[in-house]
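Report on one structure; see the data block that follows.
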Amino acid sequence: MSAFVDAVTVEVKAGRGGNGKVAFRREAHVEFGGPAGGNGGRGGHIYFIGDEGKNTLIDLKYNRHIKAANGVHGGPKGMHGAHAEDTYVRVPLGTICYDDKENLIGEVLEHGQTLLIAQGGKGGRGNMAFASNNNKAPDFAEQGDLGQIFLAKVELQVLADVGLLGYPNVGKSTLITRISNAKAKIADYQFTTLSPQLGMVHVEDDAFVVADLPGLIEFAHLGVGLGLQFLKHVERCRVLLHIVSMDSLDPLDDYNKINNELVLYDEKLKDRTQIVVANKMDVEGAQEKFEAFKKALKDVKVIPISALMNDGIQTLKYEIASTLRNIPKFAPKDTTKHYTLNAEDAVDFIINKGDDGVFELTGDKLFVLFNRTDFNNESAVKRFARQLRGLGIEDALREHGVVHGDIVRIFSYEFEYLE
């Protein structure tokens with residue numbers, strides 16, 4: 001069995017767009033051939049795709065660098081470069097991805113569902129695209145945009161219909177082996193279950209997934225025991241099967257402490273549907289404790305079982321199936337807008353004067369224009385200078401006190417300011 005991994009950080013690097021081409025028509029009997037350079041192709045996107053056959057992020061743990069191919073450069077005779085193939089990474093259902101600013105990119109909840117993680121860069125335009133009445137023979141082209149590059153935080157919340165809840169040693173592992181096809185490890189010590197175990201349960205025409213989750217103890221919301229490692233997997237369970245052992249010294253106290261931990265972790269969990277199960281009814285004195293426990297809970301329905309002796313199991317399975325029919329599946333979490341290379345949505349520019357007297361220019365939109373420029377091409381550099389003026393950078397530099405002869409740095413490019 002592969003190790004269970006439910007959190008990992010990976011570097012994602014989408015493909016860069018292909019460069020545009022500088023070319024001119026060279027054909028016999030065509031006196032004014034004109035520009036003929038094609039556009040570059042888009043860089044490859046990176047997608048996650050849901051795979052119900054996976055239940056751990058261990059593949060990402062050993063593949064922490066996900067890279068997509070670059071787009072193909074534009075060609076002569078107006079030929080556009082091909083788009084790069086997209087990269088698809090298979091992940092278990094319940095996978096959630098955040099960008100490097102902790103913004104939610106999205107989550108994968110269904111088999112075959114695709115989630116765009118990182119966008120490939122746009123292809124650069126060839127010199128055909130810049131032909132105009134004022135410039136009928138442009139001798140420059142754009143370079144392709146960079147694809148998105150960032151550290152993605154990937155988490156897994158077990159996607160199960162029912163989560164088994166309760167202190168260690170209440171019999172959760174025994175119960176899941178009785179009602180499903182899961183083969184859980186069973187032993188008489190705390191935290192036998194160190195990672196979620198999933199099992200499929202069939203009740204006539206109904207079927208649902210049950211998760212045997214690591215044992216919960218008091219102060220788990222602060223990280224005690226298996227703590228948060230357990231609690232985050234509760235969030236996606238539609239029904240919580242709260243198991244209380246009748247061989248405990250105080251079953252009611254156990255019940256209240258577990259519920260208190262849920263609320264301290266997430267206030268919304270107090271409204272989650274629970275089915276209360278009194279297990280180990282086969283032990284001596286269990287009946288008296290059960291009667292007292294049931295009386296204390298008043299209107300709460302309690303189902304008595306003995307997972308070890310296989311008593312009450314069928315009744316419990318039917319109760320779970322009946323409860324699930326009235327509870328809808330969870331909708332995806334609201335997705336916040338994550339980092340983008342879209343120049344139209346980005347900050348134009350920022351000016352800072354360093355201790356060395358150099359005026360340094362940064363900014364999202366400026367970064368895009370900078371990377372589109374071929375600084376080995378004089379016409380492209382002149383176009384970049386016009387774009388800087390169009391952004392208002394020249395006036396802004398004067399307001400910041402720049403004078404003739406000062407050094408201005410734009411990312412890796414430095415030049416002397418001339419009035």
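Residue numbering restarts at 1 in every chain; chains get A, B, ... in the order shown in the structure tokens, and ligands count up from 1 in that same order.
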
- Message: When you look at stretch 32-39 of chain A with a cut-off of 12 Å (counting only C-alpha atoms), what residues show up, excluding the ones that are within fewer than 3 positions of it in the same chain? I need them as a ChimeraX atom specification.
- Response: /A:17-29,42,71-83,122-132,135-144

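Surrounding stretch 297-312 of chain A within 7 Å are Thr174, Leu175, Arg178, Val276, Val277, Ala278, Asn279, Lys280, Met281, Asp282, Phe293, Lys294, Lys295, Gln314, Thr315 and Leu316 of chain A, with only C-alpha atoms counted and residues fewer than 2 positions along the same chain left out.
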
- Message: I'd like the neighbourhood of A:Gly285 as a ChimeraX atom specification, where a residue qualifies if any of its atoms comes within 12 Å (using only C-alpha atoms), though same-chain residues fewer than 2 positions away should be ignored.
- Response: /A:245-249,280-283,287-292

- Message: Using only C-alpha atoms, which protein or nucleic acid residues come within 7 Å of A:Val201? Drop anything in the same chain fewer than 4 positions from it, and give the result as a list in words.
- Response: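 Everything that qualifies: Ile179, Ser180, Ala207, Phe208 and Val209 of chain A.
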
Output file for the selection above: N, CA and C atoms, as a PDB file, in the first residue's frame:
```pdb
ATOM      1  N   ILE A 179     -19.026  -3.185   7.354  1.00  0.00           N
ATOM      2  CA  ILE A 179     -20.051  -2.630   6.471  1.00  0.00           C
ATOM      3  C   ILE A 179     -19.563  -2.396   5.047  1.00  0.00           C
ATOM      4  N   SER A 180     -18.245  -2.509   4.803  1.00  0.00           N
ATOM      5  CA  SER A 180     -17.735  -2.177   3.473  1.00  0.00           C
ATOM      6  C   SER A 180     -16.681  -3.177   3.031  1.00  0.00           C
ATOM      7  N   ALA A 207     -25.482   3.048  -2.891  1.00  0.00           N
ATOM      8  CA  ALA A 207     -24.055   2.838  -2.626  1.00  0.00           C
ATOM      9  C   ALA A 207     -23.469   4.152  -2.128  1.00  0.00           C
ATOM     10  N   PHE A 208     -22.590   4.063  -1.149  1.00  0.00           N
ATOM     11  CA  PHE A 208     -21.960   5.274  -0.633  1.00  0.00           C
ATOM     12  C   PHE A 208     -20.564   4.938  -0.117  1.00  0.00           C
ATOM     13  N   VAL A 209     -19.750   5.992   0.007  1.00  0.00           N
ATOM     14  CA  VAL A 209     -18.359   5.836   0.437  1.00  0.00           C
ATOM     15  C   VAL A 209     -18.231   6.242   1.903  1.00  0.00           C
TER      16      VAL A 209
END
```

- Task: From a DSSP pass on the backbone, collect the residues of stretch 11-243 of chain A flagged as strand (DSSP E) and hand them back as a PyMOL selection string.
- Result: chain A and resi 11-13+46-50+65-67+87-91+95-98+104-108+114-118+149-156+162-165+197-203+206-212+239-243

- Could you tell me which of A:Asn377, A:Phe411, A:Phe349, A:Ser173 comes closest to A:Gly392 if we count only C-alpha atoms? A:Phe349

Report as a tab-separated table: every residue of stretch 8-108 of chain A with an atom at most 12 Å from stretch 231-243 of chain A, its closest pair of atoms, and their distance in Å to one decimal, counting only C-alpha atoms, with rows sorted by chain and ascending residue number.
```
residue	atom	partner	partner_atom	distance
A:Leu93	CA	A:Arg236	CA	11.0
A:Gly94	CA	A:Arg236	CA	8.1
A:Thr95	CA	A:Arg236	CA	11.2
A:Ile96	CA	A:Arg236	CA	11.7
A:Glu107	CA	A:Arg236	CA	11.9
```

Keeping only all heavy atoms, write the selected residues as a PDB file, in the first residue's frame.
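File out_8.pdb, as written:
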```
ATOM      1  N   LEU A  93      -9.819  12.570  -6.151  1.00  0.00           N
ATOM      2  CA  LEU A  93     -10.975  13.426  -5.943  1.00  0.00           C
ATOM      3  C   LEU A  93     -10.895  14.047  -4.547  1.00  0.00           C
ATOM      4  O   LEU A  93     -10.553  13.369  -3.579  1.00  0.00           O
ATOM      5  CB  LEU A  93     -12.267  12.621  -6.088  1.00  0.00           C
ATOM      6  CG  LEU A  93     -12.431  11.816  -7.385  1.00  0.00           C
ATOM      7  CD1 LEU A  93     -13.844  11.238  -7.465  1.00  0.00           C
ATOM      8  CD2 LEU A  93     -12.128  12.656  -8.607  1.00  0.00           C
ATOM      9  N   GLY A  94     -11.225  15.332  -4.459  1.00  0.00           N
ATOM     10  CA  GLY A  94     -11.076  16.058  -3.200  1.00  0.00           C
ATOM     11  C   GLY A  94      -9.808  16.889  -3.147  1.00  0.00           C
ATOM     12  O   GLY A  94      -9.518  17.515  -2.130  1.00  0.00           O
ATOM     13  N   THR A  95      -9.060  16.940  -4.259  1.00  0.00           N
ATOM     14  CA  THR A  95      -7.835  17.729  -4.311  1.00  0.00           C
ATOM     15  C   THR A  95      -8.169  19.214  -4.435  1.00  0.00           C
ATOM     16  O   THR A  95      -8.983  19.615  -5.258  1.00  0.00           O
ATOM     17  CB  THR A  95      -6.957  17.295  -5.500  1.00  0.00           C
ATOM     18  OG1 THR A  95      -6.546  15.935  -5.318  1.00  0.00           O
ATOM     19  CG2 THR A  95      -5.711  18.167  -5.603  1.00  0.00           C
ATOM     20  N   ILE A  96      -7.515  20.032  -3.623  1.00  0.00           N
ATOM     21  CA  ILE A  96      -7.706  21.483  -3.613  1.00  0.00           C
ATOM     22  C   ILE A  96      -6.357  22.137  -3.896  1.00  0.00           C
ATOM     23  O   ILE A  96      -5.333  21.710  -3.356  1.00  0.00           O
ATOM     24  CB  ILE A  96      -8.237  21.963  -2.251  1.00  0.00           C
ATOM     25  CG1 ILE A  96      -9.510  21.191  -1.874  1.00  0.00           C
ATOM     26  CG2 ILE A  96      -8.521  23.458  -2.269  1.00  0.00           C
ATOM     27  CD1 ILE A  96      -9.967  21.450  -0.453  1.00  0.00           C
ATOM     28  N   GLU A 107     -10.894  23.214  -7.006  1.00  0.00           N
ATOM     29  CA  GLU A 107     -10.816  21.860  -6.461  1.00  0.00           C
ATOM     30  C   GLU A 107     -11.387  20.866  -7.458  1.00  0.00           C
ATOM     31  O   GLU A 107     -12.210  21.214  -8.303  1.00  0.00           O
ATOM     32  CB  GLU A 107     -11.543  21.780  -5.121  1.00  0.00           C
ATOM     33  CG  GLU A 107     -12.985  22.232  -5.155  1.00  0.00           C
ATOM     34  CD  GLU A 107     -13.609  22.280  -3.772  1.00  0.00           C
ATOM     35  OE1 GLU A 107     -13.152  21.531  -2.890  1.00  0.00           O
ATOM     36  OE2 GLU A 107     -14.552  23.049  -3.573  1.00  0.00           O
TER      37      GLU A 107
END
```
